[in-house]
Structures are given as structure tokens and as C-alpha cells.
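Dropping structure-v5.cif in here (mmCIF, C-alpha atoms):
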data_coords
#
loop_
_atom_site.label_atom_id
_atom_site.label_comp_id
_atom_site.auth_asym_id
_atom_site.auth_seq_id
_atom_site.Cartn_x
_atom_site.Cartn_y
_atom_site.Cartn_z
CA MET A 1 46.53 50.22 162.07
CA ASN A 2 47.70 52.39 159.18
CA VAL A 3 49.26 55.86 159.41
CA LYS A 4 45.98 57.74 158.90
CA ASN A 5 44.15 55.70 161.52
CA ILE A 6 46.91 56.18 164.10
CA PHE A 7 46.60 59.96 164.07
CA LYS A 8 42.82 59.87 163.69
CA ASP A 9 42.57 57.58 166.71
CA SER A 10 44.89 59.84 168.74
CA LEU A 11 42.82 62.90 167.88
CA ASN A 12 39.52 61.21 168.80
CA TYR A 13 40.98 59.73 171.98
CA SER A 14 42.37 63.08 173.15
CA THR A 15 38.99 64.81 172.86
CA LYS A 16 36.68 62.07 174.12
CA ASP A 17 36.72 63.03 177.82
CA TRP A 18 36.92 66.77 178.42
CA ASP A 19 36.52 66.39 182.19
CA LYS A 20 39.77 64.44 182.52
CA LEU A 21 41.51 66.75 180.06
CA LEU A 22 40.44 69.77 182.11
CA THR A 23 41.55 68.07 185.34
CA LEU A 24 45.06 67.84 183.92
CA GLY A 25 44.71 71.41 182.68
CA VAL A 26 43.90 72.70 186.16
CA LEU A 27 47.36 71.57 187.30
CA PHE A 28 48.99 73.64 184.57
CA PHE A 29 46.71 76.57 185.36
CA ILE A 30 47.74 76.49 189.03
CA GLY A 31 51.40 76.25 188.02
CA GLY A 32 50.94 79.14 185.60
CA LEU A 33 49.31 81.33 188.26
CA LEU A 34 52.06 80.61 190.79
CA SER A 35 54.68 81.56 188.21
CA LEU A 36 53.17 85.08 188.26
CA PHE A 37 53.29 85.41 192.06
CA PRO A 38 56.88 86.77 192.22
CA THR A 39 55.55 89.93 190.57
CA ILE A 40 53.79 90.63 193.89
CA GLY A 41 57.14 90.79 195.66
CA ILE A 42 58.56 92.93 192.87
CA ALA A 43 55.60 95.31 193.07
CA LEU A 44 56.08 95.59 196.85
CA ASN A 45 59.84 96.06 196.35
CA ASN A 46 60.46 93.17 198.74
CA PRO A 47 63.42 91.00 197.57
CA ILE A 48 62.89 88.38 200.28
CA LEU A 49 59.21 87.91 199.39
CA THR A 50 60.11 87.84 195.69
CA GLN A 51 62.70 85.10 196.26
CA LEU A 52 60.30 83.11 198.46
CA LEU A 53 57.49 83.27 195.89
CA THR A 54 59.93 82.41 193.09
CA THR A 55 61.14 79.33 195.00
CA ILE A 56 57.58 78.19 195.70
CA GLY A 57 56.65 78.72 192.06
CA ASN A 58 59.66 76.73 190.84
CA ILE A 59 58.90 73.83 193.19
CA VAL A 60 55.25 73.70 192.11
CA ALA A 61 56.29 73.93 188.44
CA LEU A 62 58.67 70.99 188.89
CA ILE A 63 55.95 68.91 190.55
CA VAL A 64 53.49 69.74 187.76
CA VAL A 65 56.05 68.77 185.09
CA LEU A 66 56.78 65.45 186.84
CA ILE A 67 53.05 64.71 187.15
CA ALA A 68 52.59 65.49 183.45
CA MET A 69 55.51 63.20 182.50
CA GLY A 70 54.14 60.40 184.65
CA TYR A 71 50.62 60.86 183.32
CA ALA A 72 51.95 60.75 179.75
CA LEU A 73 53.64 57.44 180.54
CA LEU A 74 50.34 56.16 181.94
CA VAL A 75 48.55 57.04 178.67
CA VAL A 76 51.25 55.17 176.73
CA ARG A 77 50.89 52.16 179.05
CA ASP A 78 47.10 52.08 178.74
CA THR A 79 47.32 52.39 174.95
CA ILE A 80 49.73 49.47 174.71
CA ASN A 81 47.46 47.41 176.97
CA ASP A 82 44.38 48.23 174.83
CA PHE A 83 42.67 50.46 177.40
CA ASN A 84 40.85 53.04 175.33
CA GLU A 85 39.61 55.40 178.01
CA ILE A 86 41.62 58.42 179.16
CA PRO A 87 43.04 57.45 182.58
CA GLU A 88 42.40 59.25 185.85
CA LEU A 89 45.17 61.26 187.46
CA ASN A 90 47.03 59.39 190.19
CA LEU A 91 49.26 62.09 191.62
CA ILE A 92 51.65 59.93 193.66
CA LYS A 93 52.05 57.29 190.95
CA ASN A 94 52.33 59.97 188.29
CA ILE A 95 55.11 61.77 190.18
CA PHE A 96 57.16 58.59 190.61
CA ASP A 97 56.64 57.66 186.96
CA GLY A 98 57.57 61.22 186.00
CA ILE A 99 60.86 60.91 187.87
CA LYS A 100 61.61 57.72 185.92
CA VAL A 101 60.76 59.39 182.61
CA PHE A 102 62.96 62.36 183.48
CA PHE A 103 65.87 60.11 184.48
CA VAL A 104 65.71 58.00 181.32
CA SER A 105 65.34 61.08 179.09
CA VAL A 106 68.37 62.77 180.66
CA ILE A 107 70.52 59.67 180.16
CA TYR A 108 69.62 59.38 176.47
CA TYR A 109 70.31 63.04 175.71
CA VAL A 110 73.45 63.15 177.86
CA ILE A 111 74.90 60.40 175.66
CA ALA A 112 74.45 62.67 172.62
CA LEU A 113 75.96 65.60 174.53
CA VAL A 114 78.98 63.54 175.61
CA ILE A 115 79.67 62.42 172.04
CA VAL A 116 79.48 66.00 170.74
CA THR A 117 81.69 67.24 173.58
CA LEU A 118 84.33 64.61 172.80
CA ILE A 119 84.26 65.64 169.12
CA ALA A 120 84.58 69.30 170.12
CA ILE A 121 87.55 68.51 172.36
CA GLY A 122 89.19 66.31 169.74
CA THR A 123 88.89 68.96 167.01
CA GLY A 124 90.16 71.75 169.27
CA VAL A 125 86.89 73.70 169.21
CA ILE A 126 86.58 73.74 173.01
CA ASN A 127 90.10 75.13 173.28
CA ASN A 128 89.40 77.84 170.69
CA VAL A 129 86.11 78.82 172.33
CA GLY A 130 87.93 79.10 175.65
CA ARG A 131 90.55 81.37 174.03
CA ILE A 132 87.79 83.57 172.53
CA ILE A 133 86.07 83.91 175.92
CA LEU A 134 89.39 84.75 177.57
CA ILE A 135 90.09 87.45 174.96
CA TYR A 136 86.66 89.03 175.55
CA LEU A 137 87.11 88.90 179.32
CA THR A 138 90.54 90.51 179.00
CA TYR A 139 89.88 93.19 176.39
CA GLY A 140 86.11 93.69 176.62
CA PRO A 141 83.38 93.66 173.92
CA ASP A 142 85.60 95.61 171.48
CA ALA A 143 88.23 92.88 171.48
CA VAL A 144 89.48 91.68 168.09
CA ILE A 145 89.51 87.91 167.65
CA PRO A 146 92.50 86.67 165.63
CA SER A 147 91.40 85.43 162.22
CA SER A 148 93.39 82.23 162.73
CA ILE A 149 91.12 81.23 165.63
CA LEU A 150 87.95 82.04 163.70
CA ALA A 151 89.20 80.23 160.59
CA ASN A 152 89.97 77.10 162.58
CA SER A 153 86.67 77.11 164.46
CA GLY A 154 83.90 78.47 162.21
CA ASP A 155 83.33 75.55 159.84
CA ILE A 156 83.99 72.95 162.53
CA ILE A 157 81.42 74.53 164.87
CA VAL A 158 78.78 74.36 162.12
CA ILE A 159 79.62 70.70 161.50
CA ILE A 160 79.48 69.92 165.23
CA ILE A 161 76.07 71.63 165.52
CA ILE A 162 74.78 69.51 162.62
CA ILE A 163 76.19 66.36 164.26
CA TRP A 164 74.55 67.35 167.55
CA ILE A 165 71.15 67.85 165.87
CA ILE A 166 71.44 64.45 164.16
CA LEU A 167 72.42 62.76 167.44
CA VAL A 168 69.49 64.42 169.26
CA LEU A 169 67.06 63.18 166.58
CA ILE A 170 68.50 59.66 166.79
CA SER A 171 68.34 59.77 170.59
CA THR A 172 64.70 60.90 170.37
CA LEU A 173 63.82 57.99 168.06
CA PHE A 174 65.34 55.47 170.47
CA LEU A 175 64.01 57.29 173.56
CA ALA A 176 60.43 57.06 172.29
CA ILE A 177 60.67 53.27 172.07
CA ALA A 178 62.63 53.10 175.34
CA LEU A 179 59.86 54.95 177.20
CA SER A 180 57.24 52.75 175.56
CA ARG A 181 59.09 49.63 176.74
CA MET A 182 59.32 51.11 180.23
CA ALA A 183 55.59 51.85 180.16
CA LYS A 184 54.83 48.31 179.04
CA THR A 185 57.06 46.55 181.58
CA ASP A 186 57.03 49.18 184.36
CA SER A 187 60.80 48.71 184.54
CA ILE A 188 63.55 51.29 184.04
CA LYS A 189 65.86 48.47 183.00
CA ALA A 190 63.74 47.87 179.90
CA ALA A 191 64.44 51.42 178.76
CA PHE A 192 68.14 50.63 178.42
CA GLU A 193 67.93 47.25 176.70
CA LEU A 194 69.23 48.61 173.41
CA SER A 195 69.14 45.29 171.57
CA ASN A 196 65.44 44.87 172.36
CA ILE A 197 64.74 48.50 171.48
CA PHE A 198 66.48 48.04 168.14
CA ALA A 199 64.51 44.83 167.58
CA ASP A 200 61.22 46.65 168.26
CA ILE A 201 62.11 49.32 165.70
CA LEU A 202 62.94 46.59 163.17
CA LYS A 203 59.50 45.07 163.76
CA ILE A 204 57.87 48.45 163.09
CA GLY A 205 60.20 48.95 160.12
CA TRP A 206 62.78 51.72 160.07
CA MET A 207 61.18 53.50 157.11
CA ASN A 208 57.68 53.25 158.62
CA TYR A 209 58.97 54.43 161.98
CA ILE A 210 60.79 57.44 160.53
CA ILE A 211 57.77 58.43 158.43
CA LEU A 212 55.49 58.14 161.47
CA ALA A 213 57.96 60.13 163.58
CA ILE A 214 58.19 62.92 160.99
CA LEU A 215 54.41 63.14 160.62
CA HIS A 216 54.07 63.10 164.39
CA MET A 217 56.50 66.01 164.78
CA VAL A 218 54.82 67.98 161.99
CA ILE A 219 51.38 67.60 163.59
CA LEU A 220 52.75 68.58 167.01
CA ALA A 221 54.46 71.60 165.43
CA ILE A 222 51.16 72.70 163.87
CA PHE A 223 49.37 72.44 167.22
CA PHE A 224 52.27 74.30 168.86
CA VAL A 225 51.94 77.18 166.38
CA ILE A 226 48.19 77.28 167.06
CA ALA A 227 48.93 77.43 170.79
CA ILE A 228 51.32 80.36 170.28
CA ILE A 229 48.71 82.25 168.24
CA ILE A 230 45.99 81.63 170.85
CA SER A 231 48.33 82.64 173.71
CA ILE A 232 48.60 86.11 172.17
CA ILE A 233 44.96 86.78 173.12
CA PRO A 234 45.07 88.62 176.48
CA PHE A 235 44.16 86.44 179.49
CA ILE A 236 41.70 84.18 177.59
CA GLY A 237 44.54 82.87 175.43
CA PHE A 238 46.71 82.21 178.50
CA VAL A 239 43.90 80.31 180.23
CA THR A 240 42.96 78.34 177.08
CA VAL A 241 46.53 77.19 176.47
CA LEU A 242 47.00 76.01 180.07
CA LEU A 243 43.57 74.43 180.56
CA LEU A 244 43.05 72.83 177.15
CA ILE A 245 45.87 72.90 174.64
CA ILE A 246 48.79 71.69 176.77
CA PRO A 247 46.80 68.76 178.26
CA PHE A 248 45.51 67.92 174.77
CA LEU A 249 49.06 67.85 173.37
CA ILE A 250 50.29 65.62 176.20
CA ILE A 251 47.47 63.11 175.71
CA PHE A 252 47.67 63.23 171.90
CA ASN A 253 51.45 62.77 171.90
CA SER A 254 51.32 59.88 174.37
CA ARG A 255 48.46 58.10 172.60
CA THR A 256 50.30 58.37 169.27
CA LEU A 257 53.51 57.04 170.82
CA GLY A 258 51.66 54.08 172.30
CA LEU A 259 49.96 53.27 168.98
CA ILE A 260 53.26 53.46 167.10
CA TYR A 261 54.88 51.10 169.60
CA LYS A 262 51.96 48.67 169.30
CA LYS A 263 52.98 48.12 165.68
CA SER A 264 56.05 46.28 166.99
CA ILE A 265 53.76 43.97 168.97
CA GLU A 266 51.29 43.43 166.13
#

What is this structure when it is put down as C-alpha cells?
Amino acid sequence: MNVKNIFKDSLNYSTKDWDKLLTLGVLFFIGGLLSLFPTIGIALNNPILTQLLTTIGNIVALIVVLIAMGYALLVVRDTINDFNEIPELNLIKNIFDGIKVFFVSVIYYVIALVIVTLIAIGTGVINNVGRIILIYLTYGPDAVIPSSILANSGDIIVIIIIIWIILVLISTLFLAIALSRMAKTDSIKAAFELSNIFADILKIGWMNYIILAILHMVILAIFFVIAIIISIIPFIGFVTVLLLIIPFLIIFNSRTLGLIYKKSIE
């Protein structure tokens, strides 16, 4: 399947069953409504009720996110296994799969964070940032930072930020294949078999994979901008984004990821 057909297939797939798309959207709508409930406690000037409603909203939001992560993994799995119908929600299975996706994702991005932190420590940036914070805490917002500290930190901080962005992008490229392998095998272990992940990317072709990844991100960014514009519309925009656009993006993203991974099998 060529590049054009991958994204065309993902678009058609994501819009072929509006009932299932809306079912996923209802979860986000419920989560969105509950996120507004703390305003009731605020309006009643009741801190205890506000805290209770906030806690309930956060728990529901976490559950919805885990379900969405697990459902996305299910779409990837079905795509790899040549099932071309949008799957039904399976809340228990989706939650457990979502926990696995969350765990694997954290590990991959923590690796990038650890590397950047070690670089920051080795170059003295952490020490200088600590000194700057201490100066502000001691002398207040009008404190004057010695030019020697700024001179030693400014350029290095920019370089470290660039390194961090590069490491996050690399982690994302490997994570996408790692999650696809986990979807295919239903095993967390498969997500950390770096030699096999690297081999899968070689089968796709590094250049092909990077081009597909860039196009994928650009298309998602366009849809994201559209979602922001629609969300500006009072109430209707809020409902449309939760019920339609977010579920569409989840299904589209997962279908595309599964089709890209299938190129390593083909």
C-alpha cells in the first residue's frame, strides 16, 4: 500500500461507522461534562463539595483516557490482523490495554528525559538553574542574576532543549513500532525488544518511515487546528469536538499506525 492509499484508507475507515465513533465520543462527552462539575461547588462557595467533584472528575477523566488508549491499541491490532471494521468498545479489556499503553509510553519517554537530565547535570545547567532559583527565593522577583551564570547557561539550555526535542521525536518513532508490536503479540515484552523493533523499521525503510511519520503528524496537526477552530463555537463546538472529532482522531491515528506497521510484514 503506497503513501496516498494509507491515508485514504485511514480516512475512509474512520468515517465508515458513525455509530461506533459516536459511542466512543459519548465517553469523552461524559468526561467533559464531569470536568465542569467543580464549578457547582465554586458557585455554592463550598470547598469540600468542590474538592469532591474535582476528585470524581479526575478519576473519570483518567478512566476515559485509559479506555481511549486501549481502544486505540485494539484498532491497531485489528488493522494488523486485516480486520477492516471499526471494533466495538470492550471497556474492561480497553482499560487493561490502556494501562499497558500508558506504561510502555512512560518508559520510552522517561529514557529521553533521563538522558537529557544527565546531560544537564554534566554540563552544570542543573546547578546553575538551582542557583538562579535560590537567588529569586532570597531576593525576590527584582533579584539580579549574575551575568556569569546566565552566560554559562543560556546557550547550553538552548542546546539541551534541542537535544530533548530530538530525543522525544526518536522515542516517538520507536514507540509507534513498539506499540504496534505489542498490539500484534498482545505482549508488553514485545514492546521492549529493541532489536526486533529496529528490524521492523528497516523492513519499512527508514526514509519511508520518516516520510510517513512526518505526513502523519502534519495531517494530525491540520485536524487539531480544525478542532480548535470548531471548539470556539459556543456549546455546539464543545459537543462536536468531544462527540466526533476526538474519536475520529483516535481511530484515524490508530488505523494509520497499523497500516504503517503492516509494511514491515508485507

- Query: Could you name the residues that touch Asn90 of chain A at 8 Å or less, counting all atoms listed in the file, but leaving out those on the same chain fewer than 3 positions away, as a PyMOL selection string?
  - Reply: chain A and resi 71+93-94

Which residues, written as a PyMOL selection string, have at least one atom at most 8 Å from Asn84 of chain A, with only C-alpha atoms counted and residues fewer than 5 positions away on the same chain left out?
-> chain A and resi 13+78-79

Can I get the selected residues back with C-alpha atoms, as an mmCIF file, in the frame of the given file?
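Everything below was put into out.cif:
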data_model
loop_
_atom_site.group_PDB
_atom_site.id
_atom_site.type_symbol
_atom_site.label_atom_id
_atom_site.label_comp_id
_atom_site.auth_asym_id
_atom_site.auth_seq_id
_atom_site.Cartn_x
_atom_site.Cartn_y
_atom_site.Cartn_z
ATOM 1 C CA TYR A 13 40.980 59.730 171.980
ATOM 2 C CA ASP A 78 47.100 52.080 178.740
ATOM 3 C CA THR A 79 47.320 52.390 174.950
#

| Do you know which residues are at most 10 Å from segment 159-170 of chain A counting all atoms listed in the file, after dropping those on the same chain fewer than 2 positions away, and could you put them as a list in words? | Tyr108, Tyr109, Val110, Ile111, Ala112, Leu113, Val114, Ile115, Val116, Thr117, Ile119, Ala120, Thr123, Val125, Ser153, Gly154, Asp155, Ile156, Ile157, Thr172, Leu173, Phe174 and Leu175 of chain A

**Prompt:** At a cut-off of 12 Å from (60.1, 51.5, 162.6) in the coordinates of the file, what residues are picked up using all atoms listed in the file, written as a list in words?
**Reply:**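 The requested residues, written out, are Leu173, Phe174, Ala176, Ile177, Ile197, Phe198, Ala199, Asp200, Ile201, Leu202, Lys203, Ile204, Gly205, Trp206, Met207, Asn208, Tyr209, Ile210, Ile211, Leu212, Ala213, Ile214, Leu257, Ile260, Tyr261, Lys262, Lys263, Ser264 and Ile265 of chain A.
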
Would you export the selected residues with C-alpha atoms as a CSV table (one decimal), in the coordinates of the input, please?
chain,number,residue,atom,x,y,z
A,173,LEU,CA,63.8,58.0,168.1
A,174,PHE,CA,65.3,55.5,170.5
A,176,ALA,CA,60.4,57.1,172.3
A,177,ILE,CA,60.7,53.3,172.1
A,197,ILE,CA,64.7,48.5,171.5
A,198,PHE,CA,66.5,48.0,168.1
A,199,ALA,CA,64.5,44.8,167.6
A,200,ASP,CA,61.2,46.6,168.3
A,201,ILE,CA,62.1,49.3,165.7
A,202,LEU,CA,62.9,46.6,163.2
A,203,LYS,CA,59.5,45.1,163.8
A,204,ILE,CA,57.9,48.4,163.1
A,205,GLY,CA,60.2,49.0,160.1
A,206,TRP,CA,62.8,51.7,160.1
A,207,MET,CA,61.2,53.5,157.1
A,208,ASN,CA,57.7,53.2,158.6
A,209,TYR,CA,59.0,54.4,162.0
A,210,ILE,CA,60.8,57.4,160.5
A,211,ILE,CA,57.8,58.4,158.4
A,212,LEU,CA,55.5,58.1,161.5
A,213,ALA,CA,58.0,60.1,163.6
A,214,ILE,CA,58.2,62.9,161.0
A,257,LEU,CA,53.5,57.0,170.8
A,260,ILE,CA,53.3,53.5,167.1
A,261,TYR,CA,54.9,51.1,169.6
A,262,LYS,CA,52.0,48.7,169.3
A,263,LYS,CA,53.0,48.1,165.7
A,264,SER,CA,56.0,46.3,167.0
A,265,ILE,CA,53.8,44.0,169.0

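Nearest residue to Leu194 of chain A among A:Ile250, A:Leu179, A:Ile229, A:Leu49 is A:Leu179, counting only C-alpha atoms.
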
Determine the nearest neighbour of Leu66 of chain A from the options A:Phe37, A:Phe83, A:Phe238, A:Phe102, counting only C-alpha atoms.
->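 The shortest atom-to-atom distance to Leu66 of chain A comes from A:Phe102.
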
I'd like the interatomic distance between atom CA of Asn253 of chain A and atom CA of Ile95 of chain A, to a tenth of an Å.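 These atoms are spaced 18.7 Å apart.
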
Run the PyMOL selection byres ((chain A and resi 51) around 12) mentally over the shown coordinates, then write out the matched residues as number ranges by chain, using the chain letters and numbers from the document. A: 35, 37-42, 45-50, 52-58

Contact table segment 145-244 of chain A vs segment 14-24 of chain A, cut-off 10 Å, shortest pair per residue, all atoms listed in the file, as JSON lines:
{"residue": "A:Leu242", "atom": "CA", "partner": "A:Leu24", "partner_atom": "CA", "distance": 9.2}
{"residue": "A:Leu243", "atom": "CA", "partner": "A:Leu22", "partner_atom": "CA", "distance": 5.8}
{"residue": "A:Leu244", "atom": "CA", "partner": "A:Leu22", "partner_atom": "CA", "distance": 6.4}

* **the PyMOL selection byres ((chain A and resi 70) around 10) resolved against shown file, as a VMD selection string** => chain A and resid 64 to 69 71 to 76 89 to 102 183

Between atom CA of Ser254 of chain A and atom CA of Ser195 of chain A lies a distance of 23.2 Å

List the residues matched by the PyMOL selection byres ((chain A and resi 4) around 12) in the displayed structure as a PyMOL selection string, ordered by chain and then by residue number.
chain A and resi 1-3+5-11+211-212+215-216+256+259-260

Correct to one decimal, the distance atom CA of Ser171 of chain A-atom CA of Thr185 of chain A is 20.6 Å

Which one is closest to Ile222 of chain A: A:Leu249, A:Leu44, A:Ala61, A:Val241? Count all atoms listed in the file.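 Closest residue, counting all atoms listed in the file: A:Leu249.
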
Across A:Ala178, A:Val239, A:Ile226, A:Ile86, the smallest distance to Asn12 of chain A, with all atoms listed in the file counted, is shown by A:Ile86

Worksheet item: Excluding same-chain residues fewer than 4 positions from Ile228 of chain A, what lies within 9 Å of it counting only C-alpha atoms, as a list in words?
Response: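 Everything that qualifies: Phe223, Phe224, Ile232, Gly237 and Val241 of chain A.
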